[in-house]
Structure formats: C-alpha cells, structure tokens
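Quick look at protein-v1.cif (mmCIF, C-alpha atoms):
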```cif
data_final
#
loop_
_atom_site.label_atom_id
_atom_site.label_comp_id
_atom_site.auth_asym_id
_atom_site.auth_seq_id
_atom_site.Cartn_x
_atom_site.Cartn_y
_atom_site.Cartn_z
CA MET K 10 40.19 -151.86 45.24
CA ILE K 11 37.63 -150.78 47.84
CA SER K 12 35.38 -153.29 49.56
CA LEU K 13 32.17 -152.27 51.34
CA PHE K 14 33.34 -154.47 54.20
CA ASP K 15 36.47 -152.35 54.67
CA PHE K 16 34.30 -149.89 56.58
CA PRO K 17 31.55 -151.82 58.43
CA GLU K 18 30.87 -148.82 60.68
CA THR K 19 29.59 -146.76 57.72
CA LYS K 20 25.86 -146.09 57.36
CA ILE K 21 25.52 -148.44 54.39
CA TYR K 22 22.73 -150.98 53.95
CA VAL K 23 22.82 -153.87 51.48
CA LEU K 24 20.36 -156.19 49.78
CA LEU K 25 21.61 -159.69 49.07
CA GLU K 26 20.47 -161.95 46.25
CA GLU K 27 17.41 -163.83 47.55
CA GLU K 28 18.68 -167.43 47.30
CA PHE K 29 22.08 -166.53 48.74
CA ARG K 30 20.53 -164.30 51.45
CA LYS K 31 18.31 -167.07 52.78
CA LEU K 32 21.17 -169.58 52.73
CA PHE K 33 23.48 -167.13 54.52
CA PHE K 34 20.98 -166.30 57.27
CA SER K 35 19.75 -169.91 57.62
CA SER K 36 23.34 -171.04 58.15
CA ALA K 37 23.75 -168.35 60.80
CA PHE K 38 20.55 -169.50 62.53
CA ASP K 39 21.86 -173.08 62.62
CA ILE K 40 25.22 -172.01 64.05
CA ILE K 41 23.87 -169.76 66.79
CA GLY K 42 20.63 -171.58 67.61
CA GLY K 43 17.82 -169.66 65.92
CA ARG K 44 16.56 -166.20 64.97
CA LYS K 45 16.09 -164.94 68.51
CA GLU K 46 19.65 -165.93 69.39
CA LEU K 47 21.01 -164.18 66.30
CA ALA K 48 19.03 -161.07 67.20
CA LYS K 49 20.62 -161.06 70.69
CA PHE K 50 24.06 -161.61 69.13
CA LEU K 51 23.55 -158.59 66.89
CA GLY K 52 21.88 -156.46 69.55
CA VAL K 53 18.70 -155.94 67.51
CA GLY K 54 15.07 -157.06 67.69
CA TYR K 55 13.74 -160.38 66.41
CA THR K 56 11.61 -158.54 63.84
CA ALA K 57 14.67 -156.87 62.28
CA VAL K 58 16.41 -160.22 61.76
CA ASN K 59 13.23 -161.68 60.29
CA GLU K 60 12.92 -158.76 57.84
CA TRP K 61 16.58 -159.04 56.79
CA PHE K 62 16.06 -162.74 56.14
CA HIS K 63 13.00 -162.18 53.93
CA GLY K 64 14.33 -158.96 52.34
CA TYR K 65 11.13 -157.02 52.82
CA LYS K 66 9.13 -155.21 55.48
CA LYS K 67 5.35 -155.11 55.89
CA ARG K 68 4.34 -151.57 56.75
CA SER K 69 0.61 -152.28 56.36
CA LYS K 70 -1.65 -154.85 54.73
CA ASN K 71 -1.21 -153.22 51.35
CA LYS K 72 2.28 -151.78 51.68
CA ILE K 73 5.42 -153.90 51.52
CA THR K 74 8.87 -152.34 51.11
CA VAL K 75 12.29 -153.79 50.35
CA GLN K 76 14.32 -154.21 53.54
CA TYR K 77 18.06 -153.59 53.38
CA CYS K 78 20.43 -155.00 56.00
CA PRO K 79 23.18 -152.86 57.58
CA ILE K 80 26.66 -153.81 56.42
CA LYS K 81 27.67 -153.79 60.09
CA ALA K 82 25.28 -156.69 60.79
CA ILE K 83 26.49 -158.72 57.78
CA LYS K 84 30.09 -158.22 58.89
CA ARG K 85 29.23 -159.35 62.43
CA ILE K 86 27.38 -162.45 61.20
CA ALA K 87 30.40 -163.33 59.05
CA THR K 88 32.49 -163.77 62.23
CA LEU K 89 30.44 -166.86 63.16
CA ASN K 90 31.98 -170.27 62.61
CA PHE K 91 30.57 -171.06 59.14
CA LYS K 92 31.37 -174.56 57.86
CA ASP K 93 31.18 -173.28 54.30
CA VAL K 94 33.93 -170.65 54.22
CA ASN K 95 33.00 -169.67 50.66
CA LEU K 96 29.59 -168.60 51.93
CA VAL K 97 31.32 -165.84 53.89
CA ASN K 98 33.90 -164.99 51.24
CA ASP K 99 31.26 -164.64 48.53
CA VAL K 100 28.94 -162.22 50.35
CA GLU K 101 30.08 -159.16 48.40
CA LYS K 102 29.56 -160.96 45.09
CA HIS K 103 25.90 -161.45 45.93
CA ILE K 104 25.02 -157.85 46.84
CA THR K 105 22.36 -156.74 44.36
CA SER K 106 21.91 -153.22 45.71
CA TYR K 107 23.17 -150.90 48.45
CA ARG K 108 22.36 -147.47 49.80
CA SER K 109 22.59 -145.23 52.83
CA TRP K 110 19.88 -145.34 55.51
CA SER K 111 17.52 -143.76 52.97
CA GLY K 112 17.52 -142.26 49.52
CA ALA K 113 18.96 -143.31 46.18
CA CYS K 114 20.53 -146.74 45.60
CA ILE K 115 23.42 -148.24 43.72
CA ASN K 116 21.92 -151.20 41.88
CA LYS K 117 23.82 -154.03 40.16
CA PRO K 118 26.92 -152.79 42.01
CA ILE K 119 30.44 -153.33 40.71
CA LEU K 120 32.28 -154.63 43.76
CA PRO K 121 34.89 -154.20 44.97
CA ILE K 122 35.10 -150.58 43.75
CA SER K 123 38.01 -149.78 41.45
CA GLU K 124 40.35 -147.01 42.55
CA ASN K 125 40.81 -145.42 39.13
CA TYR K 126 40.84 -142.03 37.42
CA LYS K 127 37.03 -141.82 37.39
CA LEU K 128 36.86 -142.21 41.16
CA LEU K 129 39.43 -139.45 41.80
CA ASN K 130 37.68 -137.16 39.34
CA ILE K 131 34.38 -137.70 41.20
CA ILE K 132 36.08 -136.81 44.51
CA ALA K 133 37.49 -133.62 42.99
CA HIS K 134 34.10 -132.53 41.63
CA ILE K 135 32.41 -133.11 44.98
CA LEU K 136 35.10 -131.02 46.69
CA GLY K 137 35.01 -128.35 43.99
CA ASP K 138 31.36 -127.78 43.09
CA GLY K 139 29.66 -130.35 45.30
CA SER K 140 27.47 -129.97 48.37
CA PHE K 141 26.74 -132.39 51.18
CA THR K 142 24.78 -132.31 54.42
CA GLU K 143 23.81 -135.21 56.69
CA HIS K 144 20.09 -134.70 56.08
CA SER K 145 19.84 -134.35 52.30
CA MET K 146 21.14 -135.98 49.12
CA PRO K 147 24.55 -134.73 47.99
CA TYR K 148 24.83 -133.06 44.60
CA PHE K 149 27.32 -131.75 42.06
CA SER K 150 26.41 -128.35 40.63
CA ASN K 151 27.82 -126.90 37.42
CA SER K 152 26.47 -124.79 34.56
CA TYR K 153 28.43 -126.68 31.89
CA GLU K 154 26.66 -129.73 30.47
CA GLU K 155 29.99 -131.36 29.55
CA LEU K 156 31.09 -131.48 33.19
CA ARG K 157 27.73 -132.78 34.41
CA LYS K 158 27.80 -135.50 31.74
CA GLU K 159 31.33 -136.46 32.75
CA PHE K 160 30.28 -136.68 36.41
CA ILE K 161 27.24 -138.85 35.56
CA LYS K 162 29.31 -141.10 33.29
CA ASN K 163 31.98 -141.55 35.96
CA LEU K 164 29.34 -142.68 38.48
CA ASN K 165 29.08 -145.94 36.53
CA ILE K 166 32.23 -147.22 38.29
CA PHE K 167 29.91 -147.98 41.23
CA GLY K 168 27.28 -149.79 39.13
CA LYS K 169 23.81 -148.68 38.04
CA VAL K 170 23.60 -145.53 40.13
CA GLU K 171 20.29 -143.78 40.78
CA TYR K 172 20.81 -140.08 40.13
CA LEU K 173 18.70 -137.02 39.36
CA GLU K 174 19.73 -134.14 37.12
CA SER K 175 17.77 -131.11 38.28
CA PHE K 176 17.34 -127.77 36.50
CA SER K 177 15.13 -126.09 39.09
CA SER K 178 18.03 -124.05 40.56
CA GLU K 179 19.96 -121.25 38.87
CA THR K 180 22.82 -123.70 38.30
CA PRO K 181 21.86 -127.27 37.28
CA ARG K 182 22.56 -130.02 39.82
CA VAL K 183 23.25 -133.75 39.71
CA PHE K 184 21.96 -135.48 42.85
CA PHE K 185 23.57 -138.83 43.69
CA PRO K 186 23.41 -141.47 46.50
CA THR K 187 24.67 -140.54 49.96
CA ALA K 188 26.26 -144.00 50.20
CA ILE K 189 28.98 -142.79 47.81
CA ILE K 190 29.88 -139.99 50.24
CA HIS K 191 30.09 -142.46 53.15
CA ILE K 192 32.47 -144.73 51.23
CA LEU K 193 34.74 -141.97 49.92
CA ARG K 194 35.05 -140.05 53.17
CA LYS K 195 36.04 -143.22 55.06
CA LYS K 196 38.46 -144.48 52.41
CA TYR K 197 40.21 -141.15 51.81
CA LYS K 198 39.53 -139.49 55.17
CA ILE K 199 37.75 -136.50 53.63
CA ASP K 200 35.65 -133.90 55.41
CA PHE K 201 33.34 -133.11 52.48
CA LYS K 202 31.46 -130.40 54.38
CA ASN K 203 34.61 -128.35 54.85
CA LYS K 204 36.26 -129.61 51.64
CA ASN K 205 39.32 -130.89 53.44
CA PHE K 206 41.47 -134.04 53.50
CA LEU K 207 42.01 -135.04 57.13
CA ASP K 208 45.09 -137.04 56.08
CA SER K 209 46.55 -135.59 52.88
CA SER K 210 49.28 -138.26 52.75
CA ILE K 211 46.67 -140.64 51.34
CA ILE K 212 46.27 -138.65 48.13
CA PHE K 213 49.99 -137.81 47.93
CA ASN K 214 50.75 -141.56 47.81
CA LEU K 215 48.42 -142.22 44.87
CA PRO K 216 49.85 -143.03 41.41
CA LYS K 217 50.64 -140.05 39.20
CA ASP K 218 47.72 -140.64 36.79
CA LEU K 219 45.20 -140.59 39.66
CA ILE K 220 46.68 -137.35 41.03
CA CYS K 221 46.33 -135.83 37.55
CA SER K 222 42.69 -136.93 37.33
CA PHE K 223 41.98 -135.38 40.73
CA LEU K 224 43.60 -132.09 39.73
CA LYS K 225 41.71 -132.06 36.43
CA GLY K 226 38.42 -132.15 38.34
CA ILE K 227 39.54 -129.40 40.73
CA PHE K 228 40.70 -127.11 37.89
CA ASP K 229 37.56 -127.81 35.83
CA ASP K 230 35.48 -126.52 38.74
CA GLU K 231 37.69 -123.90 40.37
CA GLY K 232 40.22 -123.01 37.67
CA TYR K 233 40.24 -119.98 35.39
CA VAL K 234 42.27 -119.37 32.22
CA SER K 235 43.33 -115.74 32.09
CA ASP K 236 44.95 -113.90 29.20
CA SER K 237 48.37 -115.41 29.91
CA ASN K 238 48.15 -118.15 32.54
CA VAL K 239 45.97 -120.55 34.51
CA GLN K 240 44.63 -119.52 37.89
CA ILE K 241 42.68 -121.41 40.54
CA CYS K 242 40.65 -119.77 43.28
CA SER K 243 38.59 -121.00 46.21
CA SER K 244 37.30 -119.87 49.59
CA LYS K 245 38.86 -123.08 51.00
CA LYS K 246 42.52 -122.24 51.50
CA LYS K 247 43.44 -125.81 52.53
CA LEU K 248 42.15 -127.13 49.22
CA LEU K 249 44.41 -124.68 47.39
CA PHE K 250 47.43 -125.68 49.50
CA LEU K 251 46.75 -129.31 48.66
CA SER K 252 46.35 -128.58 44.93
CA ARG K 253 49.53 -126.51 44.85
CA GLU K 254 51.55 -129.25 46.58
CA LEU K 255 50.23 -131.89 44.18
CA LEU K 256 51.22 -129.68 41.23
CA ASN K 257 54.71 -129.32 42.70
CA ARG K 258 54.99 -133.11 42.85
CA LEU K 259 54.25 -133.15 39.12
CA ASP K 260 56.99 -130.50 38.62
CA ILE K 261 54.41 -127.87 37.64
CA MET K 262 55.48 -124.65 39.30
CA SER K 263 53.01 -122.13 40.69
CA SER K 264 52.92 -118.86 42.61
CA LYS K 265 52.31 -118.33 46.29
CA ILE K 266 48.72 -118.28 47.50
CA PHE K 267 47.20 -114.79 47.61
CA ARG K 268 43.84 -113.45 48.70
CA TYR K 269 41.47 -111.33 46.65
CA GLN K 270 40.14 -108.12 48.13
CA GLU K 271 37.30 -108.85 50.53
CA HIS K 272 33.86 -108.47 49.05
CA TYR K 273 30.74 -107.67 51.08
CA ARG K 274 27.72 -109.66 49.97
CA LYS K 275 24.15 -108.37 50.02
CA ASP K 276 23.42 -110.29 53.23
CA GLY K 277 26.33 -108.52 54.98
CA SER K 278 28.68 -111.52 55.00
CA ILE K 279 32.24 -111.19 53.71
CA SER K 280 33.58 -113.19 50.79
CA LYS K 281 37.18 -114.34 51.31
CA VAL K 282 38.63 -115.96 48.21
CA TYR K 283 42.20 -117.23 47.78
CA TYR K 284 44.06 -117.98 44.55
CA PHE K 285 47.35 -118.90 42.94
CA ASP K 286 48.69 -118.95 39.36
CA ILE K 287 50.52 -121.58 37.35
CA TYR K 288 53.63 -120.07 35.79
CA SER K 289 53.34 -119.56 32.02
CA ASN K 290 56.47 -121.64 31.36
CA ASP K 291 54.69 -124.71 32.75
CA LEU K 292 51.40 -124.34 30.89
CA GLU K 293 52.32 -126.94 28.26
CA LYS K 294 53.23 -129.40 30.99
CA PHE K 295 49.89 -128.65 32.67
CA GLN K 296 48.11 -129.22 29.34
CA ASN K 297 49.87 -132.56 28.72
CA LEU K 298 49.38 -133.97 32.22
CA ILE K 299 46.08 -132.44 33.40
CA ASN K 300 44.23 -130.13 30.99
CA PHE K 301 40.47 -129.46 31.18
CA THR K 302 37.22 -131.18 30.28
CA HIS K 303 35.54 -127.74 30.46
CA PRO K 304 35.36 -126.80 26.73
CA LYS K 305 36.01 -123.07 27.04
CA LYS K 306 38.86 -123.43 29.51
CA ARG K 307 40.42 -126.11 27.29
CA GLU K 308 40.11 -123.85 24.23
CA PHE K 309 41.53 -120.81 26.04
CA LEU K 310 44.52 -122.77 27.35
CA GLU K 311 45.27 -124.07 23.88
CA SER K 312 45.11 -120.52 22.49
CA ILE K 313 47.63 -119.23 25.08
CA ILE K 314 50.07 -121.99 24.18
CA LYS K 315 49.63 -121.36 20.44
CA ARG K 316 50.20 -117.66 21.00
CA LYS K 317 53.39 -118.39 22.94
CA ASN K 318 54.66 -120.56 20.09
CA ARG K 319 53.56 -118.38 17.16
CA LYS K 320 56.27 -117.61 14.59
CA TRP K 321 55.64 -113.87 14.31
CA LYS K 322 56.32 -111.29 17.02
CA TYR K 323 54.55 -108.20 15.70
CA PRO K 324 51.07 -108.50 14.11
CA ASN K 325 49.99 -106.99 10.81
CA SER K 326 47.37 -104.43 11.85
CA ASN K 327 45.29 -104.61 8.67
CA SER K 328 45.25 -108.39 8.88
CA ILE K 329 44.07 -108.33 12.50
CA ILE K 330 41.30 -105.83 11.70
CA ASN K 331 40.10 -107.97 8.78
CA ILE K 332 40.02 -111.06 11.00
CA ILE K 333 37.91 -109.19 13.58
CA LEU K 334 35.46 -107.94 10.96
CA ASN K 335 35.17 -111.33 9.27
CA GLU K 336 34.60 -113.15 12.56
CA LEU K 337 31.94 -110.67 13.68
CA GLU K 338 30.15 -111.00 10.34
CA LYS K 339 30.08 -114.82 10.72
CA ASN K 340 29.25 -115.00 14.43
CA LYS K 341 27.17 -111.81 14.90
CA THR K 342 28.47 -111.21 18.44
CA MET K 343 31.75 -112.20 20.13
CA THR K 344 33.75 -111.29 23.22
CA ALA K 345 37.31 -109.97 23.14
CA ARG K 346 38.35 -113.36 24.51
CA ASP K 347 36.69 -115.19 21.62
CA LEU K 348 38.35 -112.86 19.13
CA SER K 349 41.74 -113.29 20.80
CA ILE K 350 41.68 -116.99 19.87
CA LYS K 351 41.17 -116.13 16.20
CA THR K 352 43.80 -113.38 16.10
CA MET K 353 46.39 -115.06 18.37
CA LEU K 354 46.64 -111.86 20.41
CA SER K 355 45.82 -111.44 24.09
CA ALA K 356 42.36 -110.06 24.84
CA ARG K 357 43.98 -107.15 26.65
CA ASN K 358 46.11 -106.29 23.60
CA LEU K 359 43.09 -106.69 21.34
CA ARG K 360 40.91 -104.34 23.37
CA LYS K 361 43.59 -101.72 23.88
CA ASN K 362 45.02 -101.60 20.33
CA TYR K 363 42.12 -102.67 18.12
CA LEU K 364 38.59 -102.96 19.51
CA TYR K 365 38.41 -99.56 21.18
CA SER K 366 39.86 -97.75 18.15
CA MET K 367 37.55 -99.67 15.78
CA GLU K 368 34.66 -98.64 18.02
CA ARG K 369 35.72 -95.00 17.77
CA ASN K 370 35.81 -95.37 13.99
CA ASN K 371 32.23 -96.73 14.04
CA LEU K 372 33.27 -100.10 12.62
CA ILE K 373 32.09 -102.09 15.63
CA THR K 374 30.08 -101.47 18.77
CA ARG K 375 29.50 -103.04 22.17
CA PHE K 376 26.31 -105.05 22.43
CA GLY K 377 25.61 -105.72 26.08
CA LYS K 378 27.28 -108.51 28.04
CA ARG K 379 27.37 -112.27 27.79
CA ARG K 380 24.97 -113.96 30.20
CA GLY K 381 26.35 -115.38 33.41
CA LYS K 382 28.48 -114.29 36.33
CA GLY K 383 31.03 -111.66 35.30
CA GLY K 384 29.79 -111.74 31.71
CA ALA K 385 32.22 -110.13 29.25
CA ASN K 386 31.32 -107.35 26.79
CA LEU K 387 29.92 -108.57 23.48
CA TRP K 388 31.02 -106.90 20.25
CA LYS K 389 29.21 -106.73 16.91
CA LEU K 390 29.52 -105.00 13.56
CA ASN K 391 28.18 -101.47 13.74
CA LYS K 392 26.60 -101.76 10.29
CA GLN K 393 27.10 -103.54 7.01
CA ILE K 394 30.58 -102.57 5.91
CA HIS K 395 32.98 -103.62 3.22
CA LEU K 396 35.09 -106.33 4.81
CA ASN K 397 38.24 -105.66 2.78
CA TYR K 398 39.14 -102.86 5.12
#
```
In structure tokens, how does this file's structure come out?
Amino acid sequence: MISLFDFPETKIYVLLEEEFRKLFFSSAFDIIGGRKELAKFLGVGYTAVNEWFHGYKKRSKNKITVQYCPIKAIKRIATLNFKDVNLVNDVEKHITSYRSWSGACINKPILPISENYKLLNIIAHILGDGSFTEHSMPYFSNSYEELRKEFIKNLNIFGKVEYLESFSSETPRVFFPTAIIHILRKKYKIDFKNKNFLDSSIIFNLPKDLICSFLKGIFDDEGYVSDSNVQICSSKKKLLFLSRELLNRLDIMSSKIFRYQEHYRKDGSISKVYYFDIYSNDLEKFQNLINFTHPKKREFLESIIKRKNRKWKYPNSNSIINIILNELEKNKTMTARDLSIKTMLSARNLRKNYLYSMERNNLITRFGKRRGKGGANLWKLNKQIHLNY
C-alpha cells in the first residue's frame, strides 16, 4: 500500500474534508499559539495558513478558488503534540481531493493506494508510450482504443481521476494528473523522462503477478508479433535490458539485444532502435503468463501457437487456395498476415507459395496498403470468379 505521506517532499497538494480540516488546523493553532505562530513554524506567510484553514482563496471580489494545502505542510503539522492522536492518524481518510501544484485532480481518492496489477500496468504504459515533462500534463498515447480504455479504467485505482482523451494529434492521447507521476517516480524510483528505473531491484522484488502485469503493458506498447516469434523494440536500451531480465526470472528465454540499422530522419537526426526476440519454444509460456491486451497482437500470437501445434505438416494446396478466395470474397480486402491466421501458414510462406502465383494467374491483385505506419499490402479478388477453384 502507498500512502501520500510516505513522500512528503513530493509536489502534491491536498484538500481535506471541511469539518475535519477546520478541527485539524484549530487544534494546531491551540497547540502552537495561533495562526501567526503556525505560519512561522511552517515557514510560510499568515495568509497561506488562513487560506489552508478555510480551503479557498479570494483572487478578487468575484473570484474565489479552492485552495489546496501542500502535503509537506500537513506532515509537518502532524508532528505537533496533538492530544487527540486519532486526529493525526485519520488525516489521509479525510482527503477529498489531491493534485500537483496545478492541473487535473484525483477526487474521492482511494487511499492508501493499492500496489496491484493495475498500478504496474499503468507504470508500463507510461514508460512505453507515455510522455512527461515538468511543465505540461503527462499523457499516454496509443492508436488502439482497447489500450486507451484499459489505461483509463486502470486509473480508477487512484479514485475519480480527471483525465482528457484527445484526438487532435495523429495518435490519440490520454492526459492524466501530474500527481500520479510524482507518486510513482518516488515510490519506484523511476526517471520517466528517460524511461529508466534508478533502482531496478524494486521491481525485481515484486510478486510474480505484478511483474507479469508490468511486462504485459510494455509488450502491448513496444512488442511486435512476427511470423514466428514475439519481438520487442525500443530506443531505450535500459528498458529492454530490464524487460529481458524480468522475462528470465519468469523462465521465458529470449535472445541477446541487437540494434536495427540506423535510420536518418527527415530532420537529420538518427534513429537508434534496439530489439530482442522471445524464443519460439517459450511462446506458450509467454501467452499463459503475460499475453497481450492489444487485439491484433493477441490474435497473431494465438495463430503462431496454433500453427506450431497443428496436426498436419504439409498443406493441401487446393484447400489453401479455396480458403484464400473465400476469405477475400467475405472480407473484400485482407493482408497476408490476416490470411495466414485463416490458413494456419506463415505470411511469408503464403506470399511466396500462394499469393504471388495467384496474382500471376489473375485470381487476386494487390490493392494498396493498410493505413498506418509500415502498412502491409492489401489483397482482393481480381474479379468475380468461381470459388470452387
């Protein structure tokens, strides 16, 4: 369990329930001798203490805003000699909302925070496809709705979280409160900007189910299911080293870490991307322990495993051709990868031994590429043909 008071130095501000807040501060005034004395004790101005007591700030005659109190100040006040010990012990129970110095809030918070699979999955998504700077709201960016929905749903472990799902960028984003970043980076010693654990022993010592949830998030964002295995790639080599070591602890064997050929971007910068593969013999273990939420990756992994366990070794050519023609008639356009699932052949085998020859025989034709980065060729029926080939 994670308490907000575990890290009083974090930039987190809280709003206490009104009745409790006034009792808590009034008791502190009585102990120390008044509001001015408490202000000196905390090293702040009298006005700040007064605003924390009332829970609001007057910015003008017509503008009043809610005033949050820094967790650091609450923690400091709690060191005073309160006669009612429960008043100090119950502070966290009476937090109605918290946030960073500005921005979105976590309302009706669930405190202390549970260290469960949802929390580790959130961390993985922020490291994988997240972005964070000190001067803007953090966000998780992914083109798949299923992963964005999972991220939003998992945020409910903190309480009623204010978030914004934005579609103004090329890839949709889910903006969430900066306070979550402050808590996670202190608890798990994470440098979110550089996507790096400063003390990896913390995650290594987590229970097995939490490690699996973390890896699921990483592979959902950074993983790729090829024709015969699962690969993960990232520009952050340390993140790959960590992921590989965690897989080893689950007895899932993987290759060494390699680097793709350097790619020069339009702006002249160089793309350096690293990767490693999970050995095909351990794909079923990966599926049972980790798997994907990403629908396509999940489907492709299942198809590889089915292909490995199929009862026949050599396909019936006429049967494969009929499957291709039938599927293209039903679905209009499909990629070789989509067709490989239906035929239980690898996409490479399908292209080399079936699709290209069927194209030469004018049975099918290529129809542009699927939208998105690295979109695959789409295939369609060349014309209305008799499907009992």
Excluding stretch 25-30 of chain K and any residue of its chain fewer than 5 positions from it, enumerate the residues within 7 Å of it, using all atoms listed in the file, and give them as a PDB file with C-alpha atoms, in the frame of the given file.
```pdb
ATOM      1  CA  PHE K  62      16.060-162.740  56.140  1.00  0.00           C
ATOM      2  CA  HIS K 103      25.900-161.450  45.930  1.00  0.00           C
ATOM      3  CA  ILE K 104      25.020-157.850  46.840  1.00  0.00           C
ATOM      4  CA  THR K 105      22.360-156.740  44.360  1.00  0.00           C
TER       5      THR K 105
END
```
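The residue that comes closest to K:Glu231, out of K:Gly139, K:Pro216, K:Gly168, K:Pro147 and on the basis of only C-alpha atoms, is K:Gly139.
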Discussion item. Distance cut-off 12 Å, centre (27.0, -141.3, 50.2) in file coordinates, counting all atoms listed in the file: which residues qualify? Return them as a PyMOL selection string.
Written reply: chain K and resi 19-22+107-115+132+135+140-148+167+170-172+184-195+201
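Here the PyMOL selection byres ((chain K and resi 89) around 12) matches the residues Phe33, Phe34, Ser36, Ala37, Phe38, Asp39, Ile40, Ile41, Gly42, Leu47, Phe50, Leu51, Ala82, Ile83, Lys84, Arg85, Ile86, Ala87, Thr88, Asn90, Phe91, Lys92, Asp93, Val94, Leu96 and Val97 of chain K.
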Restricting the output to C-alpha atoms, write the selected residues as an mmCIF file, keeping the file's coordinate frame.
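Writing the result to out_17.cif gives the following:
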```cif
data_model
loop_
_atom_site.group_PDB
_atom_site.id
_atom_site.type_symbol
_atom_site.label_atom_id
_atom_site.label_comp_id
_atom_site.auth_asym_id
_atom_site.auth_seq_id
_atom_site.Cartn_x
_atom_site.Cartn_y
_atom_site.Cartn_z
ATOM 1 C CA PHE K 33 23.480 -167.130 54.520
ATOM 2 C CA PHE K 34 20.980 -166.300 57.270
ATOM 3 C CA SER K 36 23.340 -171.040 58.150
ATOM 4 C CA ALA K 37 23.750 -168.350 60.800
ATOM 5 C CA PHE K 38 20.550 -169.500 62.530
ATOM 6 C CA ASP K 39 21.860 -173.080 62.620
ATOM 7 C CA ILE K 40 25.220 -172.010 64.050
ATOM 8 C CA ILE K 41 23.870 -169.760 66.790
ATOM 9 C CA GLY K 42 20.630 -171.580 67.610
ATOM 10 C CA LEU K 47 21.010 -164.180 66.300
ATOM 11 C CA PHE K 50 24.060 -161.610 69.130
ATOM 12 C CA LEU K 51 23.550 -158.590 66.890
ATOM 13 C CA ALA K 82 25.280 -156.690 60.790
ATOM 14 C CA ILE K 83 26.490 -158.720 57.780
ATOM 15 C CA LYS K 84 30.090 -158.220 58.890
ATOM 16 C CA ARG K 85 29.230 -159.350 62.430
ATOM 17 C CA ILE K 86 27.380 -162.450 61.200
ATOM 18 C CA ALA K 87 30.400 -163.330 59.050
ATOM 19 C CA THR K 88 32.490 -163.770 62.230
ATOM 20 C CA ASN K 90 31.980 -170.270 62.610
ATOM 21 C CA PHE K 91 30.570 -171.060 59.140
ATOM 22 C CA LYS K 92 31.370 -174.560 57.860
ATOM 23 C CA ASP K 93 31.180 -173.280 54.300
ATOM 24 C CA VAL K 94 33.930 -170.650 54.220
ATOM 25 C CA LEU K 96 29.590 -168.600 51.930
ATOM 26 C CA VAL K 97 31.320 -165.840 53.890
#
```
Worksheet item: Given the choices K:Ser289, K:Ser178, K:Asn130, K:Thr374, which gets closest to K:Ser152 if the distance is worked out from all atoms listed in the file?
Response: K:Ser178
Item to complete: Give the answer as one residue: which of K:Ile73, K:Ile287, K:Leu255, K:Ile350 has the shortest atom-to-atom distance to K:Lys217, using all atoms listed in the file?
Response: K:Leu255
Fill in: Residue members of the PyMOL selection byres ((chain K and resi 175) around 12) in the file shown, as a count of residues only
20
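Between K:Leu120 and the residues K:Arg369, K:Arg375, K:Lys169, K:Arg253, the shortest atom-to-atom distance, using all atoms listed in the file, involves K:Lys169.
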Could you model N, CA and C atoms for stretch 162-179 of chain K and present them as a tab-separated table (two decimals), in the frame of the given file?
```tsv
chain	number	residue	atom	x	y	z
K	162	LYS	N	28.65	-139.96	33.92
K	162	LYS	CA	29.31	-141.10	33.29
K	162	LYS	C	30.27	-141.79	34.26
K	163	ASN	N	31.01	-140.98	35.02
K	163	ASN	CA	31.98	-141.55	35.96
K	163	ASN	C	31.32	-142.31	37.11
K	164	LEU	N	30.06	-141.97	37.41
K	164	LEU	CA	29.34	-142.68	38.48
K	164	LEU	C	29.17	-144.17	38.17
K	165	ASN	N	29.32	-144.54	36.88
K	165	ASN	CA	29.08	-145.94	36.53
K	165	ASN	C	30.17	-146.87	37.08
K	166	ILE	N	31.23	-146.34	37.66
K	166	ILE	CA	32.23	-147.22	38.29
K	166	ILE	C	31.64	-147.93	39.50
K	167	PHE	N	30.55	-147.36	40.07
K	167	PHE	CA	29.91	-147.98	41.23
K	167	PHE	C	28.86	-149.02	40.81
K	168	GLY	N	28.35	-148.92	39.60
K	168	GLY	CA	27.28	-149.79	39.13
K	168	GLY	C	26.19	-148.96	38.49
K	169	LYS	N	24.94	-149.43	38.58
K	169	LYS	CA	23.81	-148.68	38.04
K	169	LYS	C	23.32	-147.71	39.12
K	170	VAL	N	23.84	-146.52	39.07
K	170	VAL	CA	23.60	-145.53	40.13
K	170	VAL	C	22.32	-144.73	39.86
K	171	GLU	N	21.48	-144.63	40.87
K	171	GLU	CA	20.29	-143.78	40.78
K	171	GLU	C	20.72	-142.33	41.00
K	172	TYR	N	20.46	-141.49	40.02
K	172	TYR	CA	20.81	-140.08	40.13
K	172	TYR	C	19.68	-139.23	39.57
K	173	LEU	N	19.71	-137.94	39.86
K	173	LEU	CA	18.70	-137.02	39.36
K	173	LEU	C	19.39	-135.75	38.90
K	174	GLU	N	19.21	-135.40	37.64
K	174	GLU	CA	19.73	-134.14	37.12
K	174	GLU	C	18.61	-133.11	37.20
K	175	SER	N	18.82	-132.09	38.02
K	175	SER	CA	17.77	-131.11	38.28
K	175	SER	C	18.14	-129.74	37.69
K	176	PHE	N	17.14	-129.09	37.09
K	176	PHE	CA	17.34	-127.77	36.50
K	176	PHE	C	16.48	-126.71	37.18
K	177	SER	N	16.02	-127.02	38.38
K	177	SER	CA	15.13	-126.09	39.09
K	177	SER	C	15.89	-124.94	39.75
K	178	SER	N	17.21	-125.12	39.97
K	178	SER	CA	18.03	-124.05	40.56
K	178	SER	C	18.68	-123.22	39.45
K	179	GLU	N	19.28	-122.12	39.83
K	179	GLU	CA	19.96	-121.25	38.87
K	179	GLU	C	21.06	-122.02	38.14
```
